[in-house]
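*Asks:* work26.txt is reproduced in full below (compact mmCIF, C-alpha atoms).
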```
# COMPACT_ATOMS: atom_id res chain seq x y z
CA MET A 2 55.32 8.83 -72.06
CA ASN A 3 54.11 11.19 -69.32
CA GLY A 4 50.64 9.68 -69.53
CA ILE A 5 47.72 9.27 -67.19
CA HIS A 6 48.86 5.75 -66.33
CA ASP A 7 51.93 7.15 -64.50
CA LEU A 8 50.02 7.54 -61.29
CA GLY A 9 52.64 7.15 -58.54
CA GLY A 10 52.26 9.94 -56.01
CA MET A 11 49.17 11.57 -57.48
CA ASP A 12 46.75 12.88 -54.86
CA GLY A 13 42.98 13.12 -54.82
CA ILE A 14 42.24 9.99 -56.83
CA GLY A 15 39.80 8.70 -54.25
CA PRO A 16 39.37 5.89 -51.73
CA ILE A 17 40.78 2.46 -52.47
CA ASN A 18 37.53 0.66 -51.46
CA PRO A 19 38.99 -2.83 -51.38
CA LYS A 20 36.30 -5.47 -51.75
CA GLN A 21 36.72 -8.91 -50.24
CA ASN A 22 35.98 -12.18 -51.99
CA GLU A 23 35.55 -10.71 -55.46
CA PRO A 24 35.04 -13.11 -58.34
CA VAL A 25 38.07 -13.48 -60.62
CA PHE A 26 35.97 -12.13 -63.48
CA HIS A 27 32.92 -9.89 -63.04
CA ASP A 28 31.34 -10.53 -66.43
CA GLU A 29 31.49 -13.04 -69.25
CA TRP A 30 33.03 -10.42 -71.51
CA GLU A 31 35.92 -10.02 -69.07
CA ARG A 32 36.62 -13.73 -69.35
CA ARG A 33 36.66 -13.61 -73.15
CA MET A 34 38.86 -10.49 -73.07
CA PHE A 35 41.42 -12.16 -70.80
CA GLY A 36 41.56 -15.25 -72.96
CA MET A 37 41.86 -13.20 -76.16
CA PHE A 38 44.79 -11.24 -74.78
CA ILE A 39 46.69 -14.46 -74.01
CA SER A 40 45.75 -16.01 -77.35
CA CYS A 41 46.81 -13.01 -79.42
CA PHE A 42 50.01 -12.68 -77.39
CA ALA A 43 50.81 -16.33 -78.07
CA GLY A 44 50.08 -15.67 -81.73
CA GLY A 45 52.86 -13.09 -81.75
CA HIS A 46 50.71 -10.16 -82.82
CA TYR A 47 52.26 -7.89 -80.19
CA ASN A 48 54.57 -8.04 -77.23
CA VAL A 49 53.72 -7.00 -73.68
CA ASP A 50 55.48 -3.64 -74.04
CA GLU A 51 53.40 -2.73 -77.10
CA PHE A 52 50.29 -3.90 -75.27
CA ARG A 53 51.01 -1.65 -72.30
CA HIS A 54 51.89 1.31 -74.50
CA ALA A 55 48.59 1.01 -76.36
CA ILE A 56 46.80 1.32 -73.00
CA GLU A 57 48.95 4.33 -72.10
CA ARG A 58 47.78 5.96 -75.33
CA MET A 59 44.12 5.82 -74.27
CA ASP A 60 42.25 9.06 -73.76
CA PRO A 61 43.15 10.00 -70.14
CA ALA A 62 39.60 10.61 -68.94
CA HIS A 63 38.44 7.36 -70.49
CA TYR A 64 41.36 5.54 -68.87
CA LEU A 65 40.31 6.68 -65.41
CA GLU A 66 36.60 6.08 -65.96
CA SER A 67 36.70 2.67 -67.60
CA SER A 68 37.18 -0.70 -65.99
CA TYR A 69 40.41 -2.65 -66.16
CA TYR A 70 39.49 -5.13 -68.87
CA GLU A 71 38.10 -2.32 -70.96
CA HIS A 72 41.71 -1.07 -71.08
CA TRP A 73 42.68 -4.47 -72.47
CA LEU A 74 39.88 -4.29 -75.05
CA LYS A 75 40.98 -0.85 -76.21
CA SER A 76 44.58 -1.99 -76.43
CA LEU A 77 43.79 -5.05 -78.53
CA GLU A 78 41.49 -3.12 -80.85
CA THR A 79 44.20 -0.47 -81.28
CA LEU A 80 47.09 -2.86 -81.88
CA LEU A 81 45.30 -5.34 -84.12
CA VAL A 82 44.02 -2.53 -86.34
CA GLU A 83 47.42 -0.76 -86.41
CA LYS A 84 49.10 -4.01 -87.38
CA GLY A 85 46.55 -4.80 -90.08
CA VAL A 86 45.26 -7.96 -88.44
CA VAL A 87 41.70 -6.64 -88.48
CA THR A 88 40.14 -3.44 -89.78
CA GLU A 89 37.93 -0.98 -87.92
CA GLU A 90 35.29 -1.53 -90.59
CA GLU A 91 35.25 -5.29 -89.98
CA LEU A 92 34.82 -4.81 -86.24
CA GLU A 93 32.10 -2.17 -86.69
CA ALA A 94 30.20 -4.34 -89.16
CA ARG A 95 30.36 -7.37 -86.86
CA LYS A 96 29.20 -5.23 -83.93
CA LYS A 97 26.17 -4.14 -85.93
CA ASP A 98 25.35 -7.72 -86.94
CA ILE A 99 25.59 -8.96 -83.37
CA ALA A 100 23.50 -6.06 -82.04
CA MET A 101 20.81 -6.74 -84.66
CA GLU A 102 20.66 -10.44 -83.87
CA ASP A 103 20.46 -9.63 -80.20
CA ALA A 104 17.53 -7.21 -80.62
CA MET B 2 45.26 -22.72 -87.40
CA PRO B 3 45.55 -20.46 -84.36
CA THR B 4 48.86 -20.58 -82.52
CA LEU B 5 47.23 -21.10 -79.17
CA THR B 6 45.08 -24.21 -79.32
CA LYS B 7 43.60 -25.95 -76.31
CA GLU B 8 46.40 -28.53 -76.24
CA ILE B 9 49.10 -25.89 -75.93
CA VAL B 10 47.41 -23.90 -73.15
CA PRO B 11 48.67 -25.81 -70.09
CA GLY B 12 52.29 -25.79 -71.26
CA LEU B 13 52.17 -22.12 -72.18
CA ILE B 14 50.73 -21.10 -68.82
CA ALA B 15 53.28 -23.21 -66.94
CA THR B 16 56.27 -21.89 -68.88
CA GLY B 17 55.39 -18.26 -69.46
CA ALA B 18 57.75 -15.97 -71.35
CA SER B 19 60.58 -14.57 -69.29
CA CYS B 20 62.12 -11.29 -70.41
CA ARG B 21 65.47 -12.32 -68.93
CA ILE B 22 68.21 -12.47 -71.56
CA ASP B 23 71.08 -14.94 -71.37
CA GLU B 24 73.89 -12.55 -72.25
CA ASP B 25 76.96 -11.95 -70.14
CA ILE B 26 76.86 -8.18 -70.04
CA PRO B 27 79.09 -6.44 -67.49
CA ALA B 28 77.10 -4.49 -64.93
CA PRO B 29 77.92 -0.78 -64.84
CA PHE B 30 76.54 -0.58 -61.31
CA LYS B 31 76.95 -2.72 -58.22
CA ILE B 32 75.16 -3.16 -54.92
CA GLY B 33 75.78 -0.18 -52.64
CA ASP B 34 76.40 2.29 -55.47
CA GLN B 35 74.83 5.72 -55.07
CA VAL B 36 72.91 6.50 -58.22
CA GLU B 37 70.90 9.37 -59.65
CA ILE B 38 67.95 8.61 -61.90
CA LYS B 39 68.10 10.43 -65.20
CA ASN B 40 65.53 13.09 -65.95
CA ILE B 41 64.24 11.68 -69.22
CA ASN B 42 60.75 12.43 -70.52
CA PRO B 43 60.22 10.38 -73.66
CA VAL B 44 56.86 10.60 -75.42
CA THR B 45 57.36 6.93 -76.22
CA HIS B 46 56.99 3.96 -73.86
CA THR B 47 59.09 3.88 -70.72
CA ARG B 48 58.96 2.04 -67.41
CA LEU B 49 60.61 4.96 -65.60
CA PRO B 50 57.86 6.68 -63.62
CA ARG B 51 58.00 10.44 -63.10
CA TYR B 52 58.13 10.24 -59.33
CA VAL B 53 61.73 8.89 -59.26
CA ARG B 54 63.25 10.92 -62.11
CA GLY B 55 66.13 13.09 -60.92
CA LYS B 56 66.12 11.39 -57.50
CA LYS B 57 69.11 9.84 -55.72
CA GLY B 58 69.07 6.29 -54.42
CA VAL B 59 71.22 3.27 -53.63
CA VAL B 60 71.51 0.04 -55.61
CA ASP B 61 70.08 -2.72 -53.41
CA ARG B 62 70.08 -5.75 -55.73
CA ASP B 63 71.19 -6.72 -59.23
CA HIS B 64 68.49 -8.86 -60.85
CA GLY B 65 70.54 -9.67 -63.92
CA VAL B 66 70.06 -8.94 -67.63
CA PHE B 67 66.66 -8.29 -69.18
CA SER B 68 65.25 -6.90 -72.41
CA PHE B 69 64.54 -3.19 -72.37
CA PRO B 70 60.82 -2.28 -72.64
CA ASP B 71 61.48 1.26 -73.83
CA THR B 72 62.89 -0.07 -77.10
CA GLY B 73 60.84 -3.26 -77.22
CA ALA B 74 57.59 -1.36 -77.40
CA HIS B 75 58.65 0.33 -80.63
CA GLY B 76 60.33 -2.47 -82.56
CA LEU B 77 63.76 -1.14 -81.69
CA GLY B 78 65.17 -4.36 -80.31
CA HIS B 79 65.90 -5.92 -76.93
CA LYS B 80 68.87 -3.73 -75.93
CA PRO B 81 69.69 -6.14 -73.06
CA GLN B 82 70.91 -4.54 -69.85
CA HIS B 83 70.97 -5.01 -66.11
CA VAL B 84 67.97 -4.31 -63.89
CA TYR B 85 68.52 -3.34 -60.26
CA SER B 86 66.32 -2.77 -57.23
CA VAL B 87 67.16 0.81 -56.29
CA LYS B 88 66.24 2.08 -52.82
CA PHE B 89 65.00 5.61 -52.24
CA SER B 90 64.09 7.25 -48.96
CA PHE B 91 60.65 8.82 -48.79
CA GLN B 92 62.40 11.96 -47.64
CA GLU B 93 64.23 12.07 -50.96
CA LEU B 94 61.09 11.39 -52.98
CA TRP B 95 58.46 13.37 -51.14
CA GLY B 96 60.16 15.80 -48.76
CA GLU B 97 61.81 16.44 -45.44
CA ASP B 98 58.59 16.09 -43.46
CA TYR B 99 58.59 12.35 -43.92
CA PRO B 100 59.96 10.03 -41.24
CA GLY B 101 63.33 8.48 -41.96
CA ASN B 102 62.14 4.87 -41.85
CA MET B 103 60.14 4.75 -45.08
CA TYR B 104 61.68 3.51 -48.33
CA LEU B 105 60.66 2.93 -51.93
CA TYR B 106 62.28 0.16 -53.96
CA ILE B 107 61.88 0.18 -57.72
CA ASP B 108 63.45 -1.70 -60.63
CA MET B 109 65.78 0.50 -62.65
CA PHE B 110 67.51 -0.36 -65.96
CA ASP B 111 71.11 0.67 -66.70
CA ASP B 112 69.79 3.25 -69.19
CA TYR B 113 67.77 5.01 -66.46
CA MET B 114 70.70 5.68 -64.14
CA ARG B 115 74.01 7.46 -63.71
CA ALA B 116 76.47 7.36 -60.84
CA ALA B 117 75.70 9.98 -58.22
CA MET C 8 28.11 -15.67 -92.64
CA ALA C 9 25.63 -16.59 -89.96
CA HIS C 10 26.64 -16.43 -86.32
CA ASP C 11 24.97 -18.26 -83.51
CA HIS C 12 23.19 -16.15 -80.96
CA ASP C 13 24.84 -16.82 -77.59
CA HIS C 14 22.33 -17.67 -74.92
CA ASP C 15 24.42 -16.36 -72.02
CA HIS C 16 22.51 -16.72 -68.80
CA ASP C 17 23.96 -13.44 -67.51
CA HIS C 18 22.30 -11.68 -70.43
CA PRO C 19 18.49 -11.74 -70.17
CA HIS C 20 16.82 -10.97 -73.47
CA ASN C 21 15.16 -7.82 -72.18
CA LYS C 22 18.56 -6.14 -71.61
CA PRO C 23 20.48 -5.14 -74.75
CA LEU C 24 24.18 -5.92 -74.97
CA SER C 25 26.31 -3.03 -73.76
CA ASP C 26 28.76 -1.35 -76.11
CA VAL C 27 31.67 -3.08 -74.39
CA GLU C 28 30.00 -6.48 -74.68
CA LEU C 29 29.35 -5.88 -78.38
CA ARG C 30 32.96 -4.87 -78.99
CA VAL C 31 34.28 -7.96 -77.22
CA LYS C 32 31.92 -10.28 -79.09
CA ALA C 33 32.79 -8.61 -82.39
CA LEU C 34 36.51 -8.96 -81.74
CA GLU C 35 36.25 -12.62 -80.76
CA SER C 36 33.97 -13.34 -83.71
CA VAL C 37 36.25 -11.70 -86.28
CA LEU C 38 39.44 -13.24 -84.87
CA THR C 39 37.84 -16.70 -84.74
CA GLU C 40 36.61 -16.37 -88.30
CA LYS C 41 40.15 -15.48 -89.40
CA ASP C 42 41.37 -18.59 -87.58
CA LEU C 43 43.63 -16.51 -85.36
CA ILE C 44 42.17 -17.60 -82.02
CA ASP C 45 40.59 -20.76 -80.74
CA PRO C 46 37.55 -20.17 -78.50
CA GLU C 47 38.13 -23.51 -76.78
CA ALA C 48 41.62 -22.40 -75.83
CA ILE C 49 40.06 -19.28 -74.32
CA ASP C 50 37.62 -21.48 -72.37
CA LEU C 51 40.54 -23.45 -70.92
CA ILE C 52 42.58 -20.35 -70.08
CA VAL C 53 39.60 -18.89 -68.24
CA GLU C 54 38.90 -22.12 -66.38
CA THR C 55 42.54 -22.35 -65.32
CA TYR C 56 42.64 -18.89 -63.80
CA GLU C 57 39.17 -19.13 -62.27
CA THR C 58 39.62 -22.48 -60.60
CA LYS C 59 43.21 -23.69 -60.56
CA ILE C 60 45.61 -20.80 -60.04
CA GLY C 61 45.13 -18.60 -57.00
CA PRO C 62 46.51 -17.40 -53.65
CA ARG C 63 46.35 -20.88 -52.11
CA ASN C 64 49.54 -21.47 -54.12
CA GLY C 65 51.33 -18.59 -52.45
CA ALA C 66 50.00 -19.67 -49.06
CA LYS C 67 51.76 -23.02 -49.52
CA VAL C 68 55.02 -21.22 -50.29
CA VAL C 69 54.63 -19.13 -47.14
CA ALA C 70 53.77 -22.08 -44.91
CA LYS C 71 56.77 -24.02 -46.15
CA ALA C 72 59.05 -21.03 -45.55
CA TRP C 73 57.72 -20.77 -42.00
CA THR C 74 58.43 -24.42 -41.21
CA ASP C 75 61.55 -25.17 -43.26
CA PRO C 76 64.45 -22.76 -42.65
CA ASP C 77 66.50 -24.15 -45.58
CA PHE C 78 63.60 -23.56 -47.95
CA LYS C 79 63.18 -20.07 -46.56
CA ALA C 80 66.83 -19.33 -47.22
CA ARG C 81 66.50 -20.60 -50.78
CA LEU C 82 63.32 -18.56 -51.21
CA LEU C 83 64.97 -15.33 -50.17
CA ASP C 84 68.05 -16.06 -52.28
CA ASP C 85 66.40 -17.25 -55.52
CA ALA C 86 62.64 -17.05 -55.25
CA THR C 87 62.01 -18.24 -58.81
CA GLU C 88 63.78 -21.57 -58.26
CA ALA C 89 62.43 -22.12 -54.76
CA ILE C 90 58.83 -21.47 -55.81
CA LYS C 91 59.35 -23.78 -58.80
CA GLU C 92 60.17 -26.58 -56.32
CA LEU C 93 56.49 -26.42 -55.29
CA GLY C 94 55.38 -26.47 -58.91
CA PHE C 95 54.35 -22.85 -59.24
CA SER C 96 55.88 -21.03 -62.16
CA GLY C 97 54.95 -19.66 -65.54
CA VAL C 98 53.11 -16.67 -66.93
CA GLN C 99 53.75 -13.51 -64.90
CA GLY C 100 55.92 -15.39 -62.40
CA GLU C 101 58.96 -16.17 -64.54
CA ASP C 102 61.24 -13.98 -62.42
CA MET C 103 60.26 -13.78 -58.77
CA VAL C 104 61.52 -11.89 -55.72
CA VAL C 105 60.29 -12.63 -52.20
CA VAL C 106 60.59 -9.94 -49.52
CA GLU C 107 60.28 -10.83 -45.86
CA ASN C 108 58.22 -9.06 -43.21
CA THR C 109 59.89 -9.08 -39.78
CA GLU C 110 59.35 -7.58 -36.36
CA ASP C 111 60.89 -4.36 -37.66
CA ILE C 112 60.16 -4.28 -41.40
CA HIS C 113 56.89 -4.29 -43.33
CA ASN C 114 56.86 -4.71 -47.11
CA ILE C 115 54.06 -3.77 -49.50
CA VAL C 116 53.92 -4.30 -53.28
CA VAL C 117 52.37 -2.25 -56.09
CA CYS C 118 52.64 -1.67 -59.81
CA THR C 119 52.11 2.08 -60.18
CA LEU C 120 52.23 1.99 -63.99
CA CYS C 121 49.76 -0.83 -64.62
CA SER C 122 48.94 -4.02 -62.70
CA CYS C 123 51.98 -6.32 -62.61
CA TYR C 124 51.34 -9.11 -60.10
CA PRO C 125 52.72 -12.63 -59.49
CA TRP C 126 50.01 -14.76 -61.14
CA PRO C 127 51.37 -18.27 -60.43
CA THR C 128 51.42 -17.66 -56.65
CA LEU C 129 48.53 -15.23 -56.20
CA GLY C 130 46.27 -15.74 -59.23
CA LEU C 131 44.85 -12.68 -60.97
CA PRO C 132 44.95 -9.39 -59.07
CA PRO C 133 41.89 -7.89 -57.37
CA VAL C 134 40.24 -4.79 -58.82
CA TRP C 135 41.63 -2.46 -56.13
CA TYR C 136 45.23 -3.44 -56.89
CA LYS C 137 44.81 -2.52 -60.58
CA ALA C 138 42.83 0.69 -60.04
CA ALA C 139 44.15 4.24 -59.81
CA PRO C 140 43.63 4.98 -56.09
CA TYR C 141 45.97 2.26 -54.75
CA ARG C 142 48.57 2.76 -57.44
CA ALA C 143 48.71 6.50 -56.81
CA LYS C 144 48.66 6.46 -53.01
CA VAL C 145 50.75 3.55 -51.74
CA VAL C 146 54.10 4.91 -52.95
CA LYS C 147 53.46 8.22 -51.15
CA ASP C 148 51.28 7.32 -48.13
CA PRO C 149 51.59 3.59 -47.40
CA ARG C 150 50.42 4.03 -43.80
CA GLY C 151 47.32 5.79 -45.06
CA VAL C 152 46.72 2.87 -47.40
CA LEU C 153 47.22 0.38 -44.58
CA ASP C 154 44.63 2.34 -42.56
CA GLU C 155 42.12 1.77 -45.37
CA PHE C 156 42.86 -1.95 -45.02
CA GLY C 157 42.47 -1.84 -41.25
CA VAL C 158 46.16 -2.48 -40.66
CA SER C 159 48.01 -0.41 -38.13
CA LEU C 160 51.75 -0.69 -37.54
CA PRO C 161 53.91 1.03 -34.90
CA ASP C 162 55.67 4.20 -36.03
CA SER C 163 58.95 2.41 -35.44
CA THR C 164 58.25 -0.19 -38.14
CA GLU C 165 60.29 0.40 -41.26
CA ILE C 166 58.02 0.50 -44.32
CA ARG C 167 59.31 -0.72 -47.71
CA VAL C 168 57.17 -0.16 -50.78
CA TRP C 169 58.13 -2.18 -53.87
CA ASP C 170 57.05 -0.82 -57.27
CA SER C 171 57.17 -3.76 -59.69
CA ASN C 172 57.67 -1.65 -62.82
CA ALA C 173 59.93 -4.11 -64.67
CA GLU C 174 59.43 -7.88 -65.18
CA LEU C 175 60.34 -9.01 -61.67
CA ARG C 176 57.26 -10.03 -59.70
CA TYR C 177 57.17 -9.54 -55.96
CA LEU C 178 55.65 -11.66 -53.19
CA VAL C 179 55.61 -10.69 -49.52
CA LEU C 180 56.54 -13.36 -46.99
CA PRO C 181 54.31 -12.28 -44.09
CA LYS C 182 55.35 -12.67 -40.47
CA ARG C 183 54.28 -15.93 -38.87
CA PRO C 184 51.80 -15.04 -36.14
CA ASP C 185 52.33 -15.90 -32.48
CA GLY C 186 50.47 -18.89 -31.12
CA THR C 187 51.09 -21.12 -34.13
CA ASP C 188 53.88 -23.30 -32.78
CA GLY C 189 53.34 -26.92 -33.63
CA MET C 190 50.81 -26.22 -36.37
CA ASN C 191 51.38 -28.28 -39.50
CA GLU C 192 52.03 -26.77 -42.93
CA ASP C 193 48.46 -27.24 -44.19
CA ASP C 194 46.95 -25.52 -41.19
CA LEU C 195 49.48 -22.71 -41.43
CA ALA C 196 48.74 -22.25 -45.13
CA ASN C 197 45.05 -21.86 -44.29
CA LEU C 198 45.89 -18.84 -42.15
CA VAL C 199 47.70 -17.01 -44.95
CA THR C 200 45.55 -14.41 -46.72
CA ARG C 201 46.05 -13.03 -50.21
CA ASP C 202 46.36 -9.51 -48.84
CA SER C 203 49.15 -10.56 -46.46
CA MET C 204 51.21 -11.64 -49.50
CA ILE C 205 50.71 -8.26 -51.15
CA GLY C 206 51.44 -6.45 -47.91
CA THR C 207 48.03 -4.91 -47.31
CA GLY C 208 47.20 -7.43 -44.61
CA LEU C 209 48.76 -9.32 -41.71
CA VAL C 210 48.38 -12.99 -40.86
CA SER C 211 46.71 -13.82 -37.56
CA ALA C 212 46.31 -17.16 -35.79
```
Would you put the structure from the file into structure tokens?
*Replies:*
Amino acid sequence: MNGIHDLGGMDGIGPINPKQNEPVFHDEWERRMFGMFISCFAGGHYNVDEFRHAIERMDPAHYLESSYYEHWLKSLETLLVEKGVVTEEELEARKKDIAMEDA
Amino acid sequence: MPTLTKEIVPGLIATGASCRIDEDIPAPFKIGDQVEIKNINPVTHTRLPRYVRGKKGVVDRDHGVFSFPDTGAHGLGHKPQHVYSVKFSFQELWGEDYPGNMYLYIDMFDDYMRAA
Amino acid sequence: MAHDHDHDHDHPHNKPLSDVELRVKALESVLTEKDLIDPEAIDLIVETYETKIGPRNGAKVVAKAWTDPDFKARLLDDATEAIKELGFSGVQGEDMVVVENTEDIHNIVVCTLCSCYPWPTLGLPPVWYKAAPYRAKVVKDPRGVLDEFGVSLPDSTEIRVWDSNAELRYLVLPKRPDGTDGMNEDDLANLVTRDSMIGTGLVSA
């Protein structure tokens, strides 16, 4: 698809700002997200092409403004709901429970 | 039980999951062939970026036979085919103002190309 | 069903969990409850990529290519098999291509469409490699990109940009710097930077 991900040759995106000596993961949630991607892939819930396409289907502004592993989160949520592995309601309910316990 | 348990992790990481397909498919293109990239604009998944569509290049390498992501992303099968490194001059991609010693190499599937 | 409250040390109790953190915890919690994922497997995956797999692997490949011409020939001919000789293979490195920097040619690698990168030799990619600015610019203005990395090449150098849009993964074999004759493989490997194997850096003695 002619999506926002197809960036080759686009101008005006901004400076590259390469940082040196970054940690492999910047947050604990990034670690869990990486591991979940591999685990669900091994479980055969999607293939890499479906995974990439789900990222390509993100809202374009959100794609550019969110961090890399947030793309992975959105993709997994999208695919696992589309394939009936989890429901949106289950995820929402669990979010609320966790937020309440955390408060 | 989950498919990926702790015991399986090291073997999985070390082996991976190659998309290469062991099928003896004749290659429609060979090294040195002049090719033109098709101008296709699917709304579905493709690994053909816009910036090379309609451009002319030269086949530099034949990597062999792989599964096709454009179909794989939509449950339409592997459609195994050859993948080639195709070389484009920056002048071809971005315009005559560019120097002649800049090149872009990208992996193109049989389905993305026609003979130029 | 009760869930344990995680006492993550990066999450002080006076700062509420962000929306992203909540979504990730919810997803892991639900998938674990359905017995679809194993949190201990995730722990091991994370540990492997944080501590065991990284650019020191690729540096060993480079150092061996610099000191062993037969290995270098094998590497340029069938990178997957040659790299496997050193024990590096697997996820996101199943089908490798190595491209050689010379006096006259400089190679640089990108994945414009996402973030494809040779994990077994370089580990996980840095943020800048996966983000929009590099992916957009390097296929159109590689010299401008090299400027941002403090690398300057003569106008006469041929530039080759490799967009790894399929399942081949690309590794740059950087030029061996002058003044390294007689250095052993380990010492040579220590000179090799991650960026030099992507093509956004050069190796110096």
*Asks:* Identify every residue of chain A that has at least one atom within 12 Å of any atom of chain B, counting only C-alpha atoms, and report the result as a PyMOL selection string.
*Replies:* chain A and resi 2-11+36-58+80
*Asks:* For chain C, work out the contacting residues on chain A at 9 Å, counting all atoms listed in the file, and write them as a count of residues only.
*Replies:* 57
*Asks:* Taking a cut-off of 6 Å and counting all atoms listed in the file, can you build a table that, for each residue of chain B near chain C, reports the nearest atom pair and how far apart they are in Å (one decimal), sorted by chain then residue number, as JSON lines?
*Replies:*
```
{"residue": "B:Met2", "atom": "CA", "partner": "C:Asp42", "partner_atom": "CA", "distance": 5.7}
{"residue": "B:Pro3", "atom": "CA", "partner": "C:Leu43", "partner_atom": "CA", "distance": 4.5}
{"residue": "B:Thr6", "atom": "CA", "partner": "C:Ala48", "partner_atom": "CA", "distance": 5.2}
{"residue": "B:Lys7", "atom": "CA", "partner": "C:Ala48", "partner_atom": "CA", "distance": 4.1}
{"residue": "B:Ile14", "atom": "CA", "partner": "C:Val98", "partner_atom": "CA", "distance": 5.4}
{"residue": "B:Ala15", "atom": "CA", "partner": "C:Gly97", "partner_atom": "CA", "distance": 4.2}
{"residue": "B:Thr16", "atom": "CA", "partner": "C:Gly97", "partner_atom": "CA", "distance": 4.2}
{"residue": "B:Gly17", "atom": "CA", "partner": "C:Val98", "partner_atom": "CA", "distance": 3.8}
{"residue": "B:Ser19", "atom": "CA", "partner": "C:Glu101", "partner_atom": "CA", "distance": 5.3}
{"residue": "B:Asn102", "atom": "CA", "partner": "C:Glu165", "partner_atom": "CA", "distance": 4.9}
{"residue": "B:Met103", "atom": "CA", "partner": "C:Ile166", "partner_atom": "CA", "distance": 4.8}
{"residue": "B:Tyr104", "atom": "CA", "partner": "C:Arg167", "partner_atom": "CA", "distance": 4.9}
{"residue": "B:Leu105", "atom": "CA", "partner": "C:Val168", "partner_atom": "CA", "distance": 4.8}
{"residue": "B:Tyr106", "atom": "CA", "partner": "C:Trp169", "partner_atom": "CA", "distance": 4.8}
{"residue": "B:Ile107", "atom": "CA", "partner": "C:Asp170", "partner_atom": "CA", "distance": 5.0}
{"residue": "B:Asp108", "atom": "CA", "partner": "C:Ala173", "partner_atom": "CA", "distance": 5.9}
```
*Asks:* Padding of 3 Å on every side, edges along x, y and z, all listed atoms of segment 51-62 of chain C included: what centre and edge lengths in Å, to one decimal, does that box have, as AutoDock Vina command-line options?
*Replies:*
```
--center_x 42.7 --center_y -20.5 --center_z -62.3 --size_x 13.6 --size_y 12.3 --size_z 23.3
```
*Asks:* Could you jot down the atom CA of Glu66 of chain A to atom CA of His27 of chain A separation for me, Å, one decimal place?
*Replies:*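 Atom CA of His27 of chain A lies 16.6 Å from atom CA of Glu66 of chain A.
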*Asks:* One decimal, in Å: what's the spacing between atom CA of Ile38 of chain B and atom CA of Lys57 of chain B?
*Replies:* 6.4 Å
*Asks:* For Val60 of chain B, list every protein, DNA or RNA residue within 6 Å, evaluated using only C-alpha atoms, and leave out those in the same chain fewer than 5 positions away; present the list as a PyMOL selection string.
*Replies:* chain B and resi 32-34+87
*Asks:* Work out how far atom CA of Leu160 of chain C is from atom CA of Ala72 of chain C, in Å to one decimal.
*Replies:* 23.0 Å
*Asks:* Can you pull out every residue within 10 Å of Arg201 of chain C, counting only C-alpha atoms, but drop anything in the same chain fewer than 2 positions away, and send it as a PDB file with C-alpha atoms, keeping the file's coordinate frame?
*Replies:*
```pdb
ATOM      1  CA  GLY C  61      45.130 -18.600 -57.000  1.00  0.00           C
ATOM      2  CA  PRO C  62      46.510 -17.400 -53.650  1.00  0.00           C
ATOM      3  CA  ARG C  63      46.350 -20.880 -52.110  1.00  0.00           C
ATOM      4  CA  ASN C  64      49.540 -21.470 -54.120  1.00  0.00           C
ATOM      5  CA  GLY C  65      51.330 -18.590 -52.450  1.00  0.00           C
ATOM      6  CA  ALA C  66      50.000 -19.670 -49.060  1.00  0.00           C
ATOM      7  CA  THR C 128      51.420 -17.660 -56.650  1.00  0.00           C
ATOM      8  CA  LEU C 129      48.530 -15.230 -56.200  1.00  0.00           C
ATOM      9  CA  GLY C 130      46.270 -15.740 -59.230  1.00  0.00           C
ATOM     10  CA  PRO C 132      44.950  -9.390 -59.070  1.00  0.00           C
ATOM     11  CA  PRO C 133      41.890  -7.890 -57.370  1.00  0.00           C
ATOM     12  CA  VAL C 179      55.610 -10.690 -49.520  1.00  0.00           C
ATOM     13  CA  LEU C 198      45.890 -18.840 -42.150  1.00  0.00           C
ATOM     14  CA  VAL C 199      47.700 -17.010 -44.950  1.00  0.00           C
ATOM     15  CA  SER C 203      49.150 -10.560 -46.460  1.00  0.00           C
ATOM     16  CA  MET C 204      51.210 -11.640 -49.500  1.00  0.00           C
ATOM     17  CA  ILE C 205      50.710  -8.260 -51.150  1.00  0.00           C
ATOM     18  CA  GLY C 206      51.440  -6.450 -47.910  1.00  0.00           C
ATOM     19  CA  THR C 207      48.030  -4.910 -47.310  1.00  0.00           C
ATOM     20  CA  GLY C 208      47.200  -7.430 -44.610  1.00  0.00           C
ATOM     21  CA  LEU C 209      48.760  -9.320 -41.710  1.00  0.00           C
ATOM     22  CA  VAL C 210      48.380 -12.990 -40.860  1.00  0.00           C
TER      23      VAL C 210
END
```
